[in-house]
Structures are given as C-alpha cells and as structure tokens.
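Participant: The structure file structure_17.pdb (PDB, N, CA and C atoms) is provided below.
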```
ATOM      1  N   MET A   1      31.255 139.787  89.010
ATOM      2  CA  MET A   1      32.076 139.690  87.822
ATOM      3  C   MET A   1      31.418 138.720  86.838
ATOM      4  N   MET A   2      31.467 139.059  85.571
ATOM      5  CA  MET A   2      30.885 138.200  84.552
ATOM      6  C   MET A   2      31.669 136.902  84.463
ATOM      7  N   LYS A   3      30.954 135.809  84.216
ATOM      8  CA  LYS A   3      31.616 134.519  84.097
ATOM      9  C   LYS A   3      32.469 134.439  82.832
ATOM     10  N   ASN A   4      31.961 134.934  81.732
ATOM     11  CA  ASN A   4      32.683 134.925  80.459
ATOM     12  C   ASN A   4      32.726 136.342  79.884
ATOM     13  N   PRO A   5      33.689 137.146  80.332
ATOM     14  CA  PRO A   5      33.762 138.519  79.827
ATOM     15  C   PRO A   5      33.961 138.541  78.313
ATOM     16  N   VAL A   6      33.321 139.477  77.683
ATOM     17  CA  VAL A   6      33.416 139.620  76.237
ATOM     18  C   VAL A   6      34.834 140.048  75.857
ATOM     19  N   HIS A   7      35.277 139.597  74.696
ATOM     20  CA  HIS A   7      36.583 140.007  74.172
ATOM     21  C   HIS A   7      36.482 141.488  73.806
ATOM     22  N   PRO A   8      37.470 142.293  74.182
ATOM     23  CA  PRO A   8      37.389 143.731  73.880
ATOM     24  C   PRO A   8      37.357 144.038  72.384
ATOM     25  N   GLY A   9      37.856 143.131  71.568
ATOM     26  CA  GLY A   9      37.761 143.336  70.120
ATOM     27  C   GLY A   9      36.321 143.366  69.649
ATOM     28  N   GLU A  10      35.486 142.560  70.295
ATOM     29  CA  GLU A  10      34.059 142.558  69.957
ATOM     30  C   GLU A  10      33.419 143.885  70.350
ATOM     31  N   VAL A  11      33.811 144.411  71.502
ATOM     32  CA  VAL A  11      33.306 145.716  71.947
ATOM     33  C   VAL A  11      33.739 146.793  70.962
ATOM     34  N   LEU A  12      34.996 146.748  70.579
ATOM     35  CA  LEU A  12      35.513 147.737  69.631
ATOM     36  C   LEU A  12      34.780 147.649  68.296
ATOM     37  N   ARG A  13      34.536 146.417  67.828
ATOM     38  CA  ARG A  13      33.855 146.218  66.546
ATOM     39  C   ARG A  13      32.393 146.651  66.601
ATOM     40  N   GLU A  14      31.670 146.161  67.622
ATOM     41  CA  GLU A  14      30.220 146.372  67.679
ATOM     42  C   GLU A  14      29.802 147.719  68.268
ATOM     43  N   ASP A  15      30.510 148.162  69.284
ATOM     44  CA  ASP A  15      30.082 149.370  69.996
ATOM     45  C   ASP A  15      30.813 150.642  69.578
ATOM     46  N   VAL A  16      31.960 150.498  68.947
ATOM     47  CA  VAL A  16      32.711 151.696  68.563
ATOM     48  C   VAL A  16      32.689 151.886  67.054
ATOM     49  N   LEU A  17      33.317 150.975  66.332
ATOM     50  CA  LEU A  17      33.420 151.161  64.879
ATOM     51  C   LEU A  17      32.060 151.156  64.193
ATOM     52  N   ALA A  18      31.164 150.281  64.624
ATOM     53  CA  ALA A  18      29.827 150.243  64.013
ATOM     54  C   ALA A  18      29.082 151.550  64.264
ATOM     55  N   GLN A  19      29.184 152.069  65.498
ATOM     56  CA  GLN A  19      28.504 153.328  65.827
ATOM     57  C   GLN A  19      29.072 154.496  65.029
ATOM     58  N   LEU A  20      30.382 154.471  64.816
ATOM     59  CA  LEU A  20      31.038 155.551  64.067
ATOM     60  C   LEU A  20      30.974 155.332  62.558
ATOM     61  N   GLU A  21      30.441 154.175  62.163
ATOM     62  CA  GLU A  21      30.341 153.791  60.753
ATOM     63  C   GLU A  21      31.699 153.851  60.062
ATOM     64  N   LEU A  22      32.724 153.324  60.752
ATOM     65  CA  LEU A  22      34.075 153.279  60.203
ATOM     66  C   LEU A  22      34.391 151.876  59.709
ATOM     67  N   SER A  23      35.027 151.792  58.561
ATOM     68  CA  SER A  23      35.507 150.507  58.064
ATOM     69  C   SER A  23      36.764 150.135  58.837
ATOM     70  N   VAL A  24      37.131 148.878  58.738
ATOM     71  CA  VAL A  24      38.358 148.421  59.382
ATOM     72  C   VAL A  24      39.550 149.184  58.808
ATOM     73  N   SER A  25      39.579 149.349  57.508
ATOM     74  CA  SER A  25      40.693 150.059  56.866
ATOM     75  C   SER A  25      40.790 151.500  57.336
ATOM     76  N   GLU A  26      39.676 152.188  57.408
ATOM     77  CA  GLU A  26      39.679 153.586  57.840
ATOM     78  C   GLU A  26      40.085 153.697  59.307
ATOM     79  N   ALA A  27      39.543 152.842  60.154
ATOM     80  CA  ALA A  27      39.893 152.886  61.572
ATOM     81  C   ALA A  27      41.375 152.585  61.767
ATOM     82  N   ALA A  28      41.883 151.580  61.064
ATOM     83  CA  ALA A  28      43.301 151.229  61.176
ATOM     84  C   ALA A  28      44.180 152.393  60.747
ATOM     85  N   ALA A  29      43.821 153.034  59.655
ATOM     86  CA  ALA A  29      44.596 154.181  59.182
ATOM     87  C   ALA A  29      44.600 155.297  60.217
ATOM     88  N   ARG A  30      43.454 155.577  60.796
ATOM     89  CA  ARG A  30      43.363 156.639  61.809
ATOM     90  C   ARG A  30      44.149 156.291  63.072
ATOM     91  N   LEU A  31      44.190 155.011  63.399
ATOM     92  CA  LEU A  31      44.923 154.575  64.589
ATOM     93  C   LEU A  31      46.423 154.405  64.329
ATOM     94  N   GLY A  32      46.806 154.397  63.054
ATOM     95  CA  GLY A  32      48.212 154.241  62.707
ATOM     96  C   GLY A  32      48.719 152.815  62.841
ATOM     97  N   ILE A  33      47.821 151.844  62.592
ATOM     98  CA  ILE A  33      48.204 150.432  62.634
ATOM     99  C   ILE A  33      47.752 149.778  61.330
ATOM    100  N   SER A  34      48.226 148.561  61.096
ATOM    101  CA  SER A  34      47.834 147.886  59.861
ATOM    102  C   SER A  34      46.392 147.384  59.951
ATOM    103  N   ARG A  35      45.790 147.248  58.797
ATOM    104  CA  ARG A  35      44.426 146.727  58.718
ATOM    105  C   ARG A  35      44.383 145.298  59.262
ATOM    106  N   VAL A  36      45.402 144.504  58.959
ATOM    107  CA  VAL A  36      45.458 143.114  59.423
ATOM    108  C   VAL A  36      45.513 143.067  60.949
ATOM    109  N   THR A  37      46.331 143.912  61.543
ATOM    110  CA  THR A  37      46.442 143.947  63.008
ATOM    111  C   THR A  37      45.098 144.261  63.637
ATOM    112  N   LEU A  38      44.428 145.289  63.141
ATOM    113  CA  LEU A  38      43.133 145.666  63.697
ATOM    114  C   LEU A  38      42.093 144.575  63.445
ATOM    115  N   SER A  39      42.103 143.994  62.266
ATOM    116  CA  SER A  39      41.149 142.940  61.941
ATOM    117  C   SER A  39      41.306 141.746  62.885
ATOM    118  N   ARG A  40      42.539 141.378  63.202
ATOM    119  CA  ARG A  40      42.778 140.259  64.124
ATOM    120  C   ARG A  40      42.184 140.546  65.504
ATOM    121  N   VAL A  41      42.289 141.794  65.958
ATOM    122  CA  VAL A  41      41.707 142.167  67.251
ATOM    123  C   VAL A  41      40.183 142.143  67.158
ATOM    124  N   LEU A  42      39.638 142.737  66.111
ATOM    125  CA  LEU A  42      38.184 142.828  65.958
ATOM    126  C   LEU A  42      37.519 141.455  65.854
ATOM    127  N   HIS A  43      38.245 140.479  65.329
ATOM    128  CA  HIS A  43      37.700 139.124  65.191
ATOM    129  C   HIS A  43      38.169 138.204  66.315
ATOM    130  N   CYS A  44      38.695 138.821  67.379
ATOM    131  CA  CYS A  44      39.058 138.118  68.613
ATOM    132  C   CYS A  44      40.164 137.082  68.427
ATOM    133  N   HIS A  45      41.038 137.297  67.433
ATOM    134  CA  HIS A  45      42.176 136.413  67.216
ATOM    135  C   HIS A  45      43.423 136.941  67.915
ATOM    136  N   SER A  46      43.403 138.215  68.270
ATOM    137  CA  SER A  46      44.489 138.855  69.015
ATOM    138  C   SER A  46      43.858 139.713  70.098
ATOM    139  N   GLY A  47      44.655 140.002  71.101
ATOM    140  CA  GLY A  47      44.168 140.838  72.185
ATOM    141  C   GLY A  47      44.524 142.300  71.999
ATOM    142  N   ILE A  48      43.971 143.122  72.868
ATOM    143  CA  ILE A  48      44.305 144.537  72.905
ATOM    144  C   ILE A  48      45.670 144.658  73.571
ATOM    145  N   SER A  49      46.641 145.143  72.854
ATOM    146  CA  SER A  49      47.986 145.338  73.416
ATOM    147  C   SER A  49      48.030 146.688  74.134
ATOM    148  N   PRO A  50      49.016 146.888  74.990
ATOM    149  CA  PRO A  50      49.170 148.216  75.604
ATOM    150  C   PRO A  50      49.315 149.311  74.543
ATOM    151  N   ASN A  51      50.016 149.000  73.454
ATOM    152  CA  ASN A  51      50.194 149.983  72.383
ATOM    153  C   ASN A  51      48.855 150.371  71.766
ATOM    154  N   LEU A  52      48.027 149.382  71.450
ATOM    155  CA  LEU A  52      46.713 149.668  70.865
ATOM    156  C   LEU A  52      45.827 150.386  71.876
ATOM    157  N   ALA A  53      45.914 150.004  73.143
ATOM    158  CA  ALA A  53      45.114 150.661  74.181
ATOM    159  C   ALA A  53      45.441 152.152  74.249
ATOM    160  N   VAL A  54      46.723 152.484  74.177
ATOM    161  CA  VAL A  54      47.131 153.897  74.193
ATOM    162  C   VAL A  54      46.635 154.606  72.934
ATOM    163  N   ARG A  55      46.730 153.945  71.799
ATOM    164  CA  ARG A  55      46.251 154.542  70.546
ATOM    165  C   ARG A  55      44.736 154.809  70.614
ATOM    166  N   LEU A  56      43.990 153.863  71.171
ATOM    167  CA  LEU A  56      42.545 154.060  71.307
ATOM    168  C   LEU A  56      42.242 155.234  72.231
ATOM    169  N   GLU A  57      42.982 155.332  73.323
ATOM    170  CA  GLU A  57      42.792 156.458  74.238
ATOM    171  C   GLU A  57      43.091 157.781  73.536
ATOM    172  N   GLU A  58      44.183 157.827  72.798
ATOM    173  CA  GLU A  58      44.551 159.053  72.075
ATOM    174  C   GLU A  58      43.529 159.390  70.988
ATOM    175  N   ALA A  59      42.856 158.371  70.469
ATOM    176  CA  ALA A  59      41.823 158.585  69.444
ATOM    177  C   ALA A  59      40.486 158.988  70.061
ATOM    178  N   GLY A  60      40.431 159.049  71.399
ATOM    179  CA  GLY A  60      39.209 159.492  72.061
ATOM    180  C   GLY A  60      38.191 158.393  72.296
ATOM    181  N   VAL A  61      38.666 157.139  72.314
ATOM    182  CA  VAL A  61      37.760 156.001  72.480
ATOM    183  C   VAL A  61      38.073 155.306  73.806
ATOM    184  N   GLY A  62      37.624 155.887  74.896
ATOM    185  CA  GLY A  62      37.849 155.295  76.208
ATOM    186  C   GLY A  62      39.268 155.518  76.698
ATOM    187  N   THR A  63      39.588 154.847  77.795
ATOM    188  CA  THR A  63      40.921 154.977  78.364
ATOM    189  C   THR A  63      41.714 153.703  78.094
ATOM    190  N   ALA A  64      43.020 153.854  78.049
ATOM    191  CA  ALA A  64      43.890 152.693  77.863
ATOM    192  C   ALA A  64      43.659 151.694  78.987
ATOM    193  N   ARG A  65      43.527 152.199  80.203
ATOM    194  CA  ARG A  65      43.307 151.330  81.361
ATOM    195  C   ARG A  65      42.017 150.512  81.198
ATOM    196  N   ALA A  66      40.965 151.120  80.692
ATOM    197  CA  ALA A  66      39.698 150.399  80.511
ATOM    198  C   ALA A  66      39.842 149.289  79.463
ATOM    199  N   TRP A  67      40.504 149.571  78.350
ATOM    200  CA  TRP A  67      40.700 148.561  77.310
ATOM    201  C   TRP A  67      41.539 147.408  77.833
ATOM    202  N   LEU A  68      42.606 147.737  78.572
ATOM    203  CA  LEU A  68      43.466 146.677  79.111
ATOM    204  C   LEU A  68      42.745 145.887  80.197
ATOM    205  N   SER A  69      41.908 146.545  80.983
ATOM    206  CA  SER A  69      41.127 145.834  82.004
ATOM    207  C   SER A  69      40.174 144.835  81.364
ATOM    208  N   MET A  70      39.540 145.237  80.260
ATOM    209  CA  MET A  70      38.661 144.304  79.547
ATOM    210  C   MET A  70      39.452 143.108  79.027
ATOM    211  N   GLN A  71      40.645 143.383  78.491
ATOM    212  CA  GLN A  71      41.461 142.303  77.948
ATOM    213  C   GLN A  71      41.902 141.351  79.054
ATOM    214  N   ILE A  72      42.330 141.895  80.185
ATOM    215  CA  ILE A  72      42.772 141.061  81.303
ATOM    216  C   ILE A  72      41.615 140.222  81.842
ATOM    217  N   ALA A  73      40.432 140.812  81.977
ATOM    218  CA  ALA A  73      39.269 140.064  82.461
ATOM    219  C   ALA A  73      38.962 138.900  81.524
ATOM    220  N   HIS A  74      39.031 139.159  80.227
ATOM    221  CA  HIS A  74      38.774 138.110  79.237
ATOM    222  C   HIS A  74      39.839 137.022  79.326
ATOM    223  N   ASP A  75      41.106 137.416  79.389
ATOM    224  CA  ASP A  75      42.201 136.448  79.444
ATOM    225  C   ASP A  75      42.147 135.593  80.710
ATOM    226  N   LEU A  76      41.857 136.213  81.850
ATOM    227  CA  LEU A  76      41.763 135.464  83.100
ATOM    228  C   LEU A  76      40.621 134.452  83.068
ATOM    229  N   ALA A  77      39.483 134.868  82.542
ATOM    230  CA  ALA A  77      38.339 133.948  82.450
ATOM    231  C   ALA A  77      38.679 132.768  81.547
ATOM    232  N   ALA A  78      39.352 133.036  80.439
ATOM    233  CA  ALA A  78      39.738 131.960  79.516
ATOM    234  C   ALA A  78      40.729 131.012  80.184
ATOM    235  N   GLU A  79      41.668 131.566  80.919
ATOM    236  CA  GLU A  79      42.655 130.727  81.611
ATOM    237  C   GLU A  79      41.992 129.867  82.681
ATOM    238  N   ARG A  80      41.094 130.440  83.458
ATOM    239  CA  ARG A  80      40.398 129.680  84.497
ATOM    240  C   ARG A  80      39.500 128.599  83.892
ATOM    241  N   ALA A  81      38.949 128.874  82.709
ATOM    242  CA  ALA A  81      38.100 127.889  82.040
ATOM    243  C   ALA A  81      38.904 126.657  81.620
ATOM    244  N   ARG A  82      40.194 126.835  81.404
ATOM    245  CA  ARG A  82      41.059 125.708  81.045
ATOM    246  C   ARG A  82      41.347 124.814  82.246
ATOM    247  N   GLY A  83      41.038 125.291  83.443
ATOM    248  CA  GLY A  83      41.260 124.501  84.652
ATOM    249  C   GLY A  83      42.426 125.039  85.454
ATOM    250  N   VAL A  84      42.408 124.710  86.725
ATOM    251  CA  VAL A  84      43.449 125.175  87.631
ATOM    252  C   VAL A  84      44.692 124.318  87.434
ATOM    253  N   PRO A  85      45.845 124.950  87.221
ATOM    254  CA  PRO A  85      47.069 124.164  87.051
ATOM    255  C   PRO A  85      47.486 123.503  88.360
ATOM    256  N   ASP A  86      48.213 122.417  88.249
ATOM    257  CA  ASP A  86      48.703 121.693  89.417
ATOM    258  C   ASP A  86      49.936 122.422  89.944
ATOM    259  N   VAL A  87      49.785 123.090  91.075
ATOM    260  CA  VAL A  87      50.890 123.837  91.683
ATOM    261  C   VAL A  87      50.978 123.496  93.164
ATOM    262  N   GLN A  88      52.102 123.786  93.741
ATOM    263  CA  GLN A  88      52.285 123.605  95.172
ATOM    264  C   GLN A  88      52.327 124.967  95.823
ATOM    265  N   HIS A  89      51.833 125.028  97.061
ATOM    266  CA  HIS A  89      51.804 126.282  97.802
ATOM    267  C   HIS A  89      53.222 126.744  98.080
ATOM    268  N   LEU A  90      53.449 128.030  98.032
ATOM    269  CA  LEU A  90      54.780 128.594  98.270
ATOM    270  C   LEU A  90      54.956 128.911  99.750
ATOM    271  N   ASP A  91      55.205 127.882 100.511
ATOM    272  CA  ASP A  91      55.468 128.048 101.945
ATOM    273  C   ASP A  91      56.920 128.471 102.156
ATOM    274  N   PRO A  92      57.190 129.205 103.234
ATOM    275  CA  PRO A  92      58.585 129.545 103.526
ATOM    276  C   PRO A  92      59.396 128.285 103.824
ATOM    277  N   VAL A  93      60.650 128.305 103.439
ATOM    278  CA  VAL A  93      61.548 127.188 103.690
ATOM    279  C   VAL A  93      61.927 127.206 105.171
ATOM    280  N   ALA A  94      61.817 126.068 105.824
ATOM    281  CA  ALA A  94      62.111 126.000 107.260
ATOM    282  C   ALA A  94      63.582 125.909 107.529
TER
END
```
Would you mind writing the structure in this file as structure tokens?
Facilitator:
Amino acid sequence: MMKNPVHPGEVLREDVLAQLELSVSEAAARLGISRVTLSRVLHCHSGISPNLAVRLEEAGVGTARAWLSMQIAHDLAAERARGVPDVQHLDPVA
C-alpha cells in the first residue's frame, strides 16, 4: 500500500479531465454538479462523495467503488499521519 495515496481529485484532474480536454465548467455541467463543487474536489479541498462517485461511474469514468476506495485510502493515510489517538482496548466487561 502506498504511504501517501494521491487525492482522487488529482487523479480526476490530471488523468481524466486533462486527457479528455474538458474544462471544469464543461465537466461539471456534464456531471450535473456545480462548477464550484467540482473545482473543490479537483483542487483537493473536498473529497469524492458517494454521489459524485456514482455520477462519475454513470459518466463512464471508472466505477463508483474505485473512486470511493481512492478517497478512503487517502483519508486513512491522512488520519494515520496525524498520529494514533489515545484509546483504550475494548475488552469484555467481567
């Protein structure tokens, strides 16, 4: 597993929209979302939501599961980078 998984917005920006030569406005219109919403994802300020993942799948750009898996991998790596929280083990009550 990669230590620092790439944000899926970067993948969408660099590997999808750039290859298709689509502007943010055009891609947002085709996906049925606002330009601001898509821009926030593309610039890694927001994550891929289940709704956007389904829209991307319906638009023929990968599967919703793949987009969400990328987002979860990124989020988990970011959380672990912040350090392990202080928790107690959940032992059964005697």
Participant: To test your reading of the syntax: which residues would the PyMOL selection byres ((chain A and resi 67-79) around 6) return for the file shown? Reply as a PyMOL selection string.
Facilitator: chain A and resi 3+5-8+48+53+63-66+80-83
Participant: Grab the atom CA of A:Arg55 to atom CA of A:Arg35 distance for me, in Å with one decimal place.
Facilitator: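 Separation between atom CA of A:Arg55 and atom CA of A:Arg35: 14.3 Å.
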Participant: What separation in Å, quoted to one decimal, exists between atom N of A:Gln19 and atom C of A:Arg40?
Facilitator: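 Those two atoms sit 17.4 Å apart.
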Participant: Might I get the box with edges along x, y and z of the file that holds all atoms of stretch 78-89 of chain A listed there, padded by 4 Å on every side, given as centre and edge lengths in Å to one decimal, as AutoDock Vina command-line options?
Facilitator:
```
--center_x 45.7 --center_y 127.4 --center_z 88.8 --size_x 23.1 --size_y 19.3 --size_z 26.6
```
Participant: If I take atom CA of A:Ser25 and atom C of A:Arg13, how far is one from the other in Å, to one decimal?
Facilitator: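 Distance between the two atoms: 13.2 Å.
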Participant: Which residues come within 8 Å of stretch 29-33 of chain A, counting all atoms listed in the file, excluding same-chain residues fewer than 6 positions away, as a PyMOL selection string?
Facilitator: chain A and resi 23+55-56+59
Participant: With distances taken over all atoms listed in the file, which of A:Ser49, A:Leu42, A:Val61, A:Leu90 is nearest to A:Glu10?
Facilitator: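 When distances to A:Glu10 are compared using all atoms listed in the file, the smallest one comes from A:Leu42.
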Participant: Using only C-alpha atoms, can you tell me which of A:Pro50, A:Glu14, A:Val84, A:Val41 comes closest to A:Ala28?
Facilitator: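 Using only C-alpha atoms, A:Ala28 sits closest to A:Val41.
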